[in-house]
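Structure data (mmCIF, C-alpha atoms) from target.cif:
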```
data_start
loop_
_atom_site.label_atom_id
_atom_site.label_comp_id
_atom_site.auth_asym_id
_atom_site.auth_seq_id
_atom_site.Cartn_x
_atom_site.Cartn_y
_atom_site.Cartn_z
CA MET A 1 -12.30 -1.28 13.00
CA LYS A 2 -14.32 1.67 11.77
CA THR A 3 -13.65 2.40 8.10
CA GLU A 4 -14.83 4.77 5.37
CA THR A 5 -14.18 4.78 1.63
CA LEU A 6 -11.33 6.83 0.25
CA GLU A 7 -13.77 8.69 -1.99
CA SER A 8 -15.85 9.79 1.01
CA LEU A 9 -12.75 11.35 2.63
CA CYS A 10 -11.73 13.35 -0.45
CA GLU A 11 -13.29 16.35 -2.12
CA LEU A 12 -11.37 15.46 -5.31
CA VAL A 13 -10.17 12.18 -6.81
CA VAL A 14 -8.67 13.19 -10.16
CA ASP A 15 -7.01 10.89 -12.67
CA CYS A 16 -4.02 12.21 -14.62
CA PRO A 17 -4.31 13.17 -18.31
CA HIS A 18 -3.97 10.05 -20.44
CA SER A 19 -1.27 11.52 -22.65
CA THR A 20 2.49 11.77 -22.64
CA PRO A 21 3.69 15.19 -21.45
CA LYS A 22 5.72 17.29 -23.85
CA TRP A 23 9.16 17.18 -22.22
CA THR A 24 11.30 20.33 -22.10
CA ASN A 25 14.65 21.21 -20.54
CA GLU A 26 13.07 23.79 -18.25
CA GLY A 27 9.67 25.16 -17.36
CA VAL A 28 7.07 23.71 -14.95
CA ILE A 29 7.74 20.48 -13.07
CA VAL A 30 5.94 17.33 -14.19
CA LEU A 31 5.69 14.67 -11.48
CA ARG A 32 6.92 11.24 -12.54
CA ASN A 33 6.48 7.95 -10.74
CA GLN A 34 10.25 7.68 -10.34
CA ASN A 35 10.05 10.82 -8.16
CA ILE A 36 7.71 9.13 -5.66
CA ARG A 37 9.24 6.49 -3.38
CA ASN A 38 8.60 5.41 0.21
CA GLY A 39 6.29 8.31 0.95
CA ARG A 40 8.72 10.92 -0.37
CA LEU A 41 8.66 13.31 -3.29
CA ASP A 42 12.23 13.45 -4.57
CA LEU A 43 12.79 16.21 -7.14
CA SER A 44 16.58 15.99 -7.23
CA ASP A 45 16.20 14.91 -10.89
CA PRO A 46 13.13 16.88 -12.06
CA SER A 47 11.31 16.74 -15.40
CA PHE A 48 9.65 19.72 -17.08
CA THR A 49 7.06 20.81 -19.60
CA ASP A 50 6.30 24.24 -21.07
CA ARG A 51 3.62 26.60 -19.78
CA LYS A 52 1.16 25.81 -22.60
CA HIS A 53 1.17 22.06 -21.98
CA PHE A 54 1.14 22.64 -18.21
CA GLN A 55 -2.16 24.49 -18.57
CA GLU A 56 -3.58 21.59 -20.55
CA ARG A 57 -2.54 19.08 -17.89
CA ILE A 58 -4.20 20.96 -15.01
CA LYS A 59 -7.63 21.39 -16.60
CA ARG A 60 -9.14 18.83 -14.20
CA ALA A 61 -7.24 20.10 -11.15
CA GLN A 62 -3.96 21.79 -10.33
CA PRO A 63 -1.99 20.12 -7.52
CA GLN A 64 -1.80 22.29 -4.41
CA ALA A 65 -0.04 22.06 -1.06
CA GLY A 66 -1.46 19.23 1.04
CA ASP A 67 -2.78 17.21 -1.90
CA ILE A 68 -1.78 13.54 -2.06
CA VAL A 69 -0.53 11.88 -5.23
CA ILE A 70 -0.81 8.09 -5.58
CA THR A 71 0.74 6.07 -8.39
CA ARG A 72 -1.54 3.68 -10.28
CA GLU A 73 1.22 1.47 -11.72
CA ALA A 74 4.96 1.14 -12.30
CA PRO A 75 5.16 1.14 -9.30
CA MET A 76 1.68 0.80 -7.82
CA GLY A 77 0.48 2.47 -4.63
CA GLU A 78 3.39 4.84 -3.92
CA VAL A 79 2.25 8.11 -2.33
CA CYS A 80 3.57 11.60 -1.59
CA ILE A 81 2.26 14.93 -0.32
CA ILE A 82 2.55 18.10 -2.42
CA PRO A 83 4.70 20.55 -0.40
CA GLU A 84 4.18 24.29 0.00
CA GLY A 85 5.34 26.46 -2.88
CA LEU A 86 5.58 23.72 -5.55
CA GLU A 87 3.97 24.44 -8.91
CA CYS A 88 3.59 21.15 -10.74
CA CYS A 89 1.29 18.91 -12.75
CA LEU A 90 0.68 15.18 -12.85
CA GLY A 91 2.61 12.98 -15.22
CA GLN A 92 1.24 9.60 -16.25
CA ARG A 93 -0.30 6.77 -14.19
CA GLN A 94 -1.01 9.03 -11.21
CA VAL A 95 -4.09 10.15 -9.29
CA LEU A 96 -4.56 13.35 -7.30
CA LEU A 97 -6.36 13.11 -3.95
CA ARG A 98 -7.55 16.24 -2.15
CA PRO A 99 -8.69 15.50 1.42
CA ARG A 100 -11.88 17.11 2.69
CA LYS A 101 -11.50 20.06 5.06
CA ASN A 102 -12.57 17.97 8.06
CA VAL A 103 -10.06 15.18 7.27
CA ASP A 104 -6.47 15.23 8.54
CA GLY A 105 -4.54 15.05 5.26
CA LYS A 106 -1.39 13.67 6.85
CA TYR A 107 -3.36 10.93 8.55
CA LEU A 108 -4.88 9.97 5.19
CA PHE A 109 -1.39 9.99 3.67
CA TYR A 110 -0.08 7.58 6.35
CA SER A 111 -3.15 5.37 6.19
CA LEU A 112 -2.50 4.81 2.47
CA GLN A 113 0.87 3.35 3.49
CA SER A 114 -0.62 1.04 6.12
CA LYS A 115 -0.71 -2.73 5.70
CA TYR A 116 -4.51 -2.60 5.79
CA VAL A 117 -4.66 -0.40 2.68
CA LYS A 118 -1.60 -1.90 0.99
CA GLU A 119 -3.35 -5.27 0.95
CA GLN A 120 -6.30 -3.67 -0.80
CA ILE A 121 -3.95 -2.06 -3.32
CA ALA A 122 -2.27 -5.37 -4.07
CA TRP A 123 -5.51 -7.25 -4.84
CA SER A 124 -8.34 -6.42 -7.22
CA ASP A 125 -11.79 -6.47 -5.67
CA GLY A 126 -13.58 -9.77 -5.98
CA THR A 127 -11.32 -11.43 -8.55
CA GLY A 128 -8.88 -13.12 -6.17
CA SER A 129 -5.85 -12.12 -8.22
CA THR A 130 -3.16 -9.51 -7.89
CA VAL A 131 -3.49 -6.43 -10.07
CA SER A 132 -0.84 -4.61 -12.10
CA ASN A 133 -2.61 -1.26 -11.91
CA ILE A 134 -5.24 0.46 -9.80
CA ARG A 135 -8.50 1.25 -11.55
CA ILE A 136 -10.19 4.47 -10.46
CA PRO A 137 -13.44 2.81 -9.22
CA VAL A 138 -11.36 0.40 -7.11
CA LEU A 139 -9.22 3.26 -5.80
CA LYS A 140 -12.28 5.24 -4.73
CA GLY A 141 -13.59 2.20 -2.88
CA PHE A 142 -10.52 1.57 -0.74
CA MET A 143 -11.54 1.31 2.90
CA ILE A 144 -9.60 3.69 5.16
CA PRO A 145 -9.32 3.02 8.93
CA ARG A 146 -10.85 5.75 11.09
CA LEU A 147 -9.45 6.46 14.56
CA ASP A 148 -10.46 8.64 17.49
CA ASN A 149 -7.30 10.77 17.42
CA GLU A 150 -6.10 10.83 13.82
CA SER A 151 -4.23 14.12 14.20
CA GLY A 152 -2.27 12.66 17.12
CA VAL A 153 -1.29 9.63 15.05
CA SER A 154 -0.19 11.73 12.09
CA GLU A 155 1.75 14.11 14.37
CA ILE A 156 3.82 11.25 15.85
CA LEU A 157 4.65 9.80 12.44
CA ALA A 158 5.30 13.23 10.89
CA VAL A 159 7.86 14.09 13.59
CA LEU A 160 9.89 11.03 12.57
CA ASP A 161 9.60 11.85 8.86
CA GLU A 162 10.56 15.48 9.44
CA LYS A 163 13.73 14.42 11.27
CA ILE A 164 14.57 11.99 8.45
CA GLU A 165 14.12 14.75 5.88
CA LEU A 166 16.21 17.18 7.96
CA ASN A 167 19.05 14.63 7.99
CA ARG A 168 18.74 14.22 4.23
CA LYS A 169 18.98 17.97 3.69
CA GLN A 170 22.01 18.18 5.95
CA ASN A 171 23.67 15.37 3.99
CA ARG A 172 23.05 17.18 0.72
CA THR A 173 24.75 20.26 2.16
CA LEU A 174 27.71 18.27 3.52
CA GLU A 175 28.12 16.53 0.17
CA ALA A 176 27.97 19.80 -1.78
CA ILE A 177 30.69 21.34 0.42
CA ALA A 178 33.05 18.38 -0.06
CA GLN A 179 32.37 18.17 -3.80
CA ALA A 180 33.05 21.90 -4.23
CA LEU A 181 36.33 21.71 -2.30
CA PHE A 182 37.49 18.68 -4.31
CA LYS A 183 36.77 20.49 -7.58
CA ARG A 184 38.48 23.66 -6.38
CA TRP A 185 41.65 21.88 -5.28
CA PHE A 186 42.07 18.95 -7.64
CA VAL A 187 40.28 19.99 -10.84
CA GLU A 188 40.80 23.76 -10.96
CA PHE A 189 44.17 23.45 -9.08
CA GLU A 190 43.29 26.32 -6.77
CA PHE A 191 44.43 24.61 -3.57
CA PRO A 192 46.16 26.89 -1.03
CA ASP A 193 49.86 27.40 -1.77
CA GLU A 194 52.47 27.87 0.96
CA ASN A 195 51.23 31.46 1.43
CA GLY A 196 47.57 30.48 1.54
CA ARG A 197 46.85 31.82 -1.95
CA PRO A 198 44.98 29.86 -4.68
CA TYR A 199 47.76 27.99 -6.48
CA LYS A 200 47.03 28.30 -10.20
CA SER A 201 45.61 31.83 -10.31
CA SER A 202 48.52 33.05 -8.16
CA GLY A 203 51.03 31.88 -10.75
CA GLY A 204 51.74 28.38 -9.46
CA ALA A 205 54.02 26.42 -11.79
CA MET A 206 52.36 23.85 -14.06
CA GLN A 207 53.83 20.96 -16.05
CA PRO A 208 52.59 18.97 -19.06
CA SER A 209 51.31 15.40 -18.57
CA GLU A 210 49.28 12.73 -20.37
CA LEU A 211 46.19 14.21 -18.69
CA GLY A 212 46.97 17.82 -19.56
CA GLU A 213 48.70 20.40 -17.42
CA ILE A 214 49.07 19.54 -13.74
CA PRO A 215 50.88 21.34 -10.91
CA VAL A 216 54.63 20.82 -10.63
CA GLY A 217 55.36 17.99 -8.20
CA TRP A 218 52.20 16.05 -9.05
CA GLU A 219 52.35 12.73 -10.90
CA VAL A 220 50.15 10.71 -13.24
CA GLY A 221 49.22 7.29 -11.91
CA SER A 222 46.13 5.12 -11.66
CA ILE A 223 43.33 4.50 -9.19
CA GLY A 224 45.06 1.21 -8.42
CA ASP A 225 47.98 3.15 -6.94
CA LEU A 226 45.67 4.63 -4.32
CA VAL A 227 43.63 1.61 -3.15
CA GLU A 228 43.76 -2.07 -2.34
CA LEU A 229 41.13 -4.33 -3.89
CA LYS A 230 39.62 -6.67 -1.28
CA LYS A 231 38.08 -9.93 -2.52
CA LEU A 232 37.70 -12.10 0.59
CA GLY A 233 34.56 -14.14 -0.04
CA VAL A 234 31.99 -15.94 2.11
CA ASN A 235 28.86 -17.95 1.37
CA PRO A 236 26.09 -16.89 3.81
CA GLU A 237 24.15 -20.07 3.04
CA ASP A 238 26.87 -21.97 4.94
CA HIS A 239 25.70 -20.06 8.06
CA PRO A 240 21.91 -20.20 7.66
CA GLU A 241 21.06 -19.22 11.26
CA ASP A 242 23.41 -16.23 11.45
CA TYR A 243 22.42 -12.69 10.63
CA PHE A 244 24.51 -10.89 8.00
CA HIS A 245 24.44 -7.16 7.38
CA HIS A 246 23.92 -7.04 3.65
CA PHE A 247 25.34 -4.19 1.57
CA SER A 248 23.27 -4.94 -1.52
CA ILE A 249 22.44 -2.79 -4.53
CA PRO A 250 18.72 -2.59 -3.54
CA ASN A 251 19.78 -1.54 -0.02
CA PHE A 252 22.05 1.15 -1.49
CA ASP A 253 19.14 2.49 -3.54
CA ASP A 254 16.91 2.38 -0.45
CA GLY A 255 18.83 4.91 1.65
CA GLN A 256 22.30 3.31 1.79
CA ALA A 257 21.43 1.17 4.78
CA ALA A 258 22.92 -2.31 5.17
CA LYS A 259 20.08 -4.47 6.45
CA PRO A 260 20.29 -7.60 8.66
CA GLU A 261 19.30 -10.75 6.77
CA LEU A 262 19.50 -14.42 7.68
CA GLY A 263 22.25 -16.33 5.93
CA SER A 264 19.68 -18.78 4.63
CA THR A 265 17.98 -15.98 2.66
CA ILE A 266 21.13 -14.58 1.00
CA LEU A 267 21.85 -16.45 -2.21
CA SER A 268 25.34 -17.00 -3.68
CA ASN A 269 28.80 -15.94 -2.52
CA LYS A 270 29.43 -12.44 -1.20
CA TYR A 271 32.45 -10.30 -0.38
CA LEU A 272 33.26 -9.47 3.23
CA VAL A 273 33.08 -5.75 3.98
CA HIS A 274 35.31 -4.01 6.53
CA GLY A 275 35.52 -0.49 7.91
CA ASN A 276 37.17 2.39 6.03
CA SER A 277 36.33 0.87 2.68
CA ILE A 278 34.50 2.16 -0.39
CA LEU A 279 32.09 0.01 -2.36
CA VAL A 280 31.93 0.75 -6.10
CA SER A 281 29.23 -0.90 -8.17
CA LYS A 282 30.37 -2.74 -11.29
CA LEU A 283 26.82 -2.74 -12.65
CA ASN A 284 25.63 -0.11 -15.10
CA PRO A 285 28.12 2.69 -14.32
CA ARG A 286 25.92 5.20 -16.14
CA PHE A 287 24.16 5.38 -12.76
CA PRO A 288 27.13 5.29 -10.36
CA ARG A 289 26.77 3.79 -6.90
CA ILE A 290 29.64 4.80 -4.64
CA TRP A 291 29.09 3.65 -1.04
CA PRO A 292 31.47 4.85 1.71
CA VAL A 293 31.66 2.42 4.63
CA LEU A 294 33.46 3.87 7.65
CA HIS A 295 32.20 1.28 10.14
CA VAL A 296 30.56 -2.11 9.68
CA PRO A 297 27.62 -3.16 11.88
CA SER A 298 29.17 -6.58 12.58
CA ASN A 299 31.93 -8.96 11.54
CA LEU A 300 29.34 -10.64 9.34
CA SER A 301 29.02 -7.69 6.97
CA VAL A 302 28.89 -8.66 3.31
CA CYS A 303 28.24 -7.05 -0.02
CA SER A 304 27.02 -8.19 -3.39
CA THR A 305 29.75 -9.30 -5.79
CA GLU A 306 28.34 -6.57 -8.04
CA PHE A 307 30.37 -4.25 -5.79
CA GLN A 308 34.13 -3.85 -5.75
CA VAL A 309 35.52 -3.41 -2.23
CA LEU A 310 38.26 -0.78 -2.25
CA ALA A 311 40.46 0.11 0.72
CA PRO A 312 42.17 3.51 0.25
CA VAL A 313 45.81 3.61 1.33
CA GLY A 314 46.77 5.77 4.33
CA GLU A 315 44.93 9.09 4.65
CA ALA A 316 43.78 9.03 1.03
CA TYR A 317 40.24 7.96 2.00
CA SER A 318 38.47 11.27 1.39
CA PHE A 319 40.46 12.04 -1.76
CA VAL A 320 39.73 8.61 -3.25
CA LEU A 321 36.02 8.83 -2.37
CA TYR A 322 35.53 12.12 -4.20
CA LEU A 323 37.84 11.09 -7.01
CA LEU A 324 35.54 8.10 -7.62
CA LYS A 325 32.54 10.45 -7.55
CA SER A 326 34.14 12.92 -9.95
CA PRO A 327 32.65 13.42 -13.46
CA TYR A 328 35.99 12.42 -15.01
CA VAL A 329 36.12 8.98 -13.34
CA ALA A 330 32.38 8.49 -13.90
CA SER A 331 32.78 9.07 -17.66
CA GLU A 332 35.83 6.78 -17.79
CA MET A 333 33.85 4.02 -16.08
CA VAL A 334 31.04 4.35 -18.63
CA MET A 335 33.48 4.17 -21.56
CA ARG A 336 35.20 1.09 -20.15
CA ALA A 337 32.01 -0.81 -19.34
CA SER A 338 31.07 -3.80 -21.44
CA GLY A 339 27.91 -5.86 -21.81
CA THR A 340 25.10 -6.82 -24.12
CA SER A 341 22.72 -4.05 -23.09
CA GLY A 342 22.78 -0.67 -21.40
CA SER A 343 21.05 -1.98 -18.28
CA HIS A 344 23.46 -4.91 -17.82
CA GLN A 345 26.81 -3.34 -18.56
CA ARG A 346 29.62 -3.81 -16.06
CA ILE A 347 33.09 -2.47 -15.48
CA SER A 348 35.74 -4.99 -14.46
CA PRO A 349 38.03 -4.39 -11.45
CA ASN A 350 41.09 -4.16 -13.72
CA ASP A 351 39.42 -1.55 -15.92
CA LEU A 352 38.47 0.54 -12.90
CA LEU A 353 41.86 0.31 -11.23
CA SER A 354 43.70 1.19 -14.45
CA ILE A 355 41.96 4.54 -14.93
CA GLU A 356 44.70 7.17 -15.14
CA VAL A 357 44.45 10.03 -12.65
CA SER A 358 46.61 12.88 -11.48
CA LYS A 359 48.17 12.20 -8.08
CA PRO A 360 48.54 15.31 -5.90
CA ALA A 361 51.32 15.89 -3.43
CA LYS A 362 50.82 13.75 -0.30
CA HIS A 363 50.41 16.71 2.04
CA LEU A 364 47.48 18.01 -0.05
CA VAL A 365 45.73 14.65 0.03
CA GLU A 366 46.12 14.54 3.81
CA ARG A 367 44.97 18.14 4.18
CA PHE A 368 41.86 17.43 2.11
CA HIS A 369 41.12 14.39 4.26
CA SER A 370 41.35 16.50 7.41
CA ALA A 371 39.03 19.11 5.87
CA VAL A 372 36.17 16.85 4.73
CA PHE A 373 36.37 13.57 6.67
CA GLU A 374 34.14 14.93 9.43
CA ASN A 375 31.52 15.70 6.74
CA ILE A 376 31.68 12.09 5.58
CA ARG A 377 31.44 10.78 9.13
CA LYS A 378 28.47 13.02 9.95
CA ALA A 379 26.66 12.01 6.75
CA GLN A 380 27.14 8.33 7.61
CA ALA A 381 25.79 8.94 11.12
CA ASN A 382 22.74 10.67 9.62
CA LEU A 383 22.10 7.71 7.33
CA GLU A 384 22.25 5.31 10.26
CA GLU A 385 19.94 7.52 12.31
CA ASN A 386 17.51 7.61 9.38
CA ARG A 387 17.55 3.81 9.23
CA VAL A 388 16.58 3.66 12.92
CA LEU A 389 13.93 6.37 12.57
CA ALA A 390 12.40 4.72 9.50
CA SER A 391 12.32 1.39 11.32
CA ALA A 392 10.56 3.03 14.27
CA ARG A 393 8.04 4.71 11.97
CA ASP A 394 7.34 1.48 10.06
CA THR A 395 6.89 -0.39 13.35
CA LEU A 396 4.53 2.22 14.78
CA LEU A 397 2.43 2.67 11.64
CA PRO A 398 0.52 -0.66 11.71
CA LYS A 399 0.15 -0.59 15.50
CA LEU A 400 -1.34 2.91 15.43
CA MET A 401 -3.59 2.16 12.46
CA SER A 402 -4.96 -1.03 14.02
CA GLY A 403 -5.59 0.62 17.37
CA GLU A 404 -3.10 -1.67 19.13
CA LEU A 405 -1.36 1.55 20.23
CA ARG A 406 -3.48 4.56 21.07
CA VAL A 407 -2.56 8.24 21.26
CA ALA A 408 -3.92 10.08 24.29
#
```
What is this structure when it is put down as structure tokens?
Amino acid sequence: MKTETLESLCELVVDCPHSTPKWTNEGVIVLRNQNIRNGRLDLSDPSFTDRKHFQERIKRAQPQAGDIVITREAPMGEVCIIPEGLECCLGQRQVLLRPRKNVDGKYLFYSLQSKYVKEQIAWSDGTGSTVSNIRIPVLKGFMIPRLDNESGVSEILAVLDEKIELNRKQNRTLEAIAQALFKRWFVEFEFPDENGRPYKSSGGAMQPSELGEIPVGWEVGSIGDLVELKKLGVNPEDHPEDYFHHFSIPNFDDGQAAKPELGSTILSNKYLVHGNSILVSKLNPRFPRIWPVLHVPSNLSVCSTEFQVLAPVGEAYSFVLYLLKSPYVASEMVMRASGTSGSHQRISPNDLLSIEVSKPAKHLVERFHSAVFENIRKAQANLEENRVLASARDTLLPKLMSGELRVA
């Protein structure tokens, strides 16, 4: 395999300022390692600094479209590409790479994710031991595979990534629509009345309750009135040769994709998961994990016992899903959680099910389900398509980089 050093392929290799940014509530975006995962730059939860400190942090170089950022530690070796139109600066433990004009930047980006380079990232040069951070001289010396048709390789992989990102954007839109409708109907009480007018602002009658004023005809109940708690357990280790689709917390965080795993590799008892259920994480409710499961990949679908498996009653599925995602329920879960530390707090099933909620008239719950269930279904289909696309990309990447597959 023909290779060249990373430094020889870049016109700039710039380490980040070795100082903590001054954090502000708004201003210019500061990239953080938590924003860079699996080749993506995720700025859904951005961090900022003011203009003065931004200028100080870009003295060596200001990130521009097409630059590559690689993390030096915590985690190590994650990469992303700076998109068009983003003004930002590096945070801590990051390095800016600017490919030379005659180098395909996207190819370099994908090569940094290849097994060939990942193995170099994982081991320090000459010491025979794994490293916890990447030193700049070692980074510059990484050997990058060179191919005859690098633009063709990057084009194939980029098409898959672009479709994955398109699906993610569509899911964000679908989610925003459903969230807005839930708030409009069940928080602001502006659901359509019998004449199609917004209920509360059109003079709809309200009544007092333990939760404040609610529309006449509504009741106060609990989440437990709306769902069944499923606790049928199985021990995958009793079936070591069978494949289980594992709804685990790491798999939720990695794109909400249940992954096939051999029973022999799944430790401890799990709950069986069935279709039309909702998984709610008990662990650390400050960062809620609500996982809708419309269909299961197989009868051997299981989830971590850190999840509670809830089955909404009747056509309450969509209402229950967005009720669980609502700020009110999220704050109640945080207040009811117990544990010795913030990162290991849990909410018990009884505490979750006992949360008091307002229960709308049945016809409204059914109407809401009819309005948003297709959004939920489409979002789930997009997630599954992304799982397949990512698998295809990850299968092609090493074969293309090694030359086992060639692009005409």
Kindly resolve the PyMOL selection byres ((chain A and resi 27) around 7) on the present coordinates and return the residues as a list in words.
->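 Expected selection for the PyMOL selection byres ((chain A and resi 27) around 7) here is Thr24, Glu26, Val28, Ile29, Phe48, Thr49, Asp50 and Arg51 of chain A.
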Pull out every residue that the PyMOL selection byres ((chain A and resi 278) around 7) matches in the shown coordinates and put them as a PDB file with C-alpha atoms, in the coordinates of the input.
```
ATOM      1  CA  ASN A 276      37.170   2.390   6.030  1.00  0.00           C
ATOM      2  CA  SER A 277      36.330   0.870   2.680  1.00  0.00           C
ATOM      3  CA  LEU A 279      32.090   0.010  -2.360  1.00  0.00           C
ATOM      4  CA  VAL A 280      31.930   0.750  -6.100  1.00  0.00           C
ATOM      5  CA  ILE A 290      29.640   4.800  -4.640  1.00  0.00           C
ATOM      6  CA  TRP A 291      29.090   3.650  -1.040  1.00  0.00           C
ATOM      7  CA  PRO A 292      31.470   4.850   1.710  1.00  0.00           C
ATOM      8  CA  VAL A 293      31.660   2.420   4.630  1.00  0.00           C
ATOM      9  CA  VAL A 309      35.520  -3.410  -2.230  1.00  0.00           C
ATOM     10  CA  LEU A 310      38.260  -0.780  -2.250  1.00  0.00           C
ATOM     11  CA  ALA A 311      40.460   0.110   0.720  1.00  0.00           C
TER      12      ALA A 311
END
```
Neighbour list for segment 57-62 of chain A as a ChimeraX atom specification, cut-off 9 Å, all atoms listed in the file, skip fewer than 6 positions in-chain = /A:12,14-17,21,87-91,96
Taking the file as shown, what set of residues would the PyMOL selection byres ((chain A and resi 192) around 12) give back, as a PyMOL selection string?
-> chain A and resi 181+184-186+188-191+193-204+363-364+367-368
Counting all atoms listed in the file, figure out which residue out of A:Arg377, A:Arg32, A:His18, A:Lys282 gets nearest to Cys80 of chain A.
->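 Under the stated criterion, the closest residue is A:Arg32.
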For the atom pair atom CA of Leu324 of chain A and atom CA of Ala176 of chain A, what is the interatomic distance in Å to one decimal place?
->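 Separation between atom CA of Leu324 of chain A and atom CA of Ala176 of chain A: 15.1 Å.
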Which polymer residues have any atom within 10 Å of an atom of Asp225 of chain A, counting all atoms listed in the file, with same-chain residues fewer than 6 positions away left out, as a PyMOL selection string?
-> chain A and resi 312-313+353-354+356-357+359
In Å, rounded to a single decimal, give me how far atom CA of Gly217 of chain A is from atom CA of Ala361 of chain A.
-> 6.6 Å
Adding 4 Å on each side of the box along x, y and z that holds all listed atoms of segment 358-375 of chain A, could you give its centre and edge lengths in Å to one decimal, as lines of an AutoDock Vina configuration file?
```
center_x = 41.4
center_y = 15.7
center_z = -1.0
size_x = 27.8
size_y = 14.9
size_z = 28.9
```
To one decimal in Å, tell me the separation between atom CA of Leu226 of chain A and atom CA of Gln170 of chain A.
->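 According to the coordinates, atom CA of Leu226 of chain A and atom CA of Gln170 of chain A are separated by 29.1 Å.
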Limit the output to N, CA and C atoms and give segment 55-72 of chain A as a compact mmCIF listing (two decimals), in the first residue's frame.
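Below is the file that was written, part_30.txt:
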```txt
# COMPACT_ATOMS: atom_id res chain seq x y z
N GLN A 55 -11.44 35.85 19.09
CA GLN A 55 -10.29 36.36 18.35
C GLN A 55 -8.98 35.82 18.91
N GLU A 56 -8.92 35.64 20.21
CA GLU A 56 -7.72 35.10 20.83
C GLU A 56 -7.51 33.63 20.45
N ARG A 57 -8.62 32.90 20.30
CA ARG A 57 -8.53 31.46 20.04
C ARG A 57 -8.26 31.14 18.57
N ILE A 58 -8.37 32.12 17.69
CA ILE A 58 -8.11 31.86 16.26
C ILE A 58 -6.82 32.50 15.77
N LYS A 59 -5.94 32.89 16.71
CA LYS A 59 -4.69 33.53 16.31
C LYS A 59 -3.85 32.61 15.43
N ARG A 60 -3.84 31.31 15.74
CA ARG A 60 -3.05 30.37 14.94
C ARG A 60 -3.74 30.06 13.61
N ALA A 61 -5.04 29.90 13.66
CA ALA A 61 -5.82 29.63 12.44
C ALA A 61 -7.30 29.65 12.79
N GLN A 62 -8.10 30.20 11.87
CA GLN A 62 -9.55 30.17 12.05
C GLN A 62 -10.12 29.03 11.22
N PRO A 63 -10.90 28.14 11.83
CA PRO A 63 -11.49 27.04 11.06
C PRO A 63 -12.31 27.57 9.89
N GLN A 64 -12.17 26.91 8.75
CA GLN A 64 -12.94 27.29 7.57
C GLN A 64 -13.54 26.04 6.94
N ALA A 65 -14.51 26.26 6.04
CA ALA A 65 -15.22 25.14 5.42
C ALA A 65 -14.22 24.19 4.76
N GLY A 66 -14.39 22.90 5.02
CA GLY A 66 -13.52 21.89 4.45
C GLY A 66 -12.37 21.47 5.36
N ASP A 67 -12.10 22.26 6.41
CA ASP A 67 -11.09 21.84 7.39
C ASP A 67 -11.58 20.61 8.15
N ILE A 68 -10.64 19.83 8.66
CA ILE A 68 -10.95 18.65 9.46
C ILE A 68 -10.51 18.91 10.89
N VAL A 69 -11.35 18.57 11.84
CA VAL A 69 -10.99 18.66 13.26
C VAL A 69 -10.87 17.24 13.80
N ILE A 70 -9.77 16.96 14.50
CA ILE A 70 -9.57 15.65 15.13
C ILE A 70 -9.35 15.85 16.62
N THR A 71 -9.97 15.00 17.42
CA THR A 71 -9.86 15.12 18.87
C THR A 71 -8.62 14.36 19.35
N ARG A 72 -7.87 14.98 20.27
CA ARG A 72 -6.64 14.38 20.78
C ARG A 72 -6.90 13.43 21.95
```
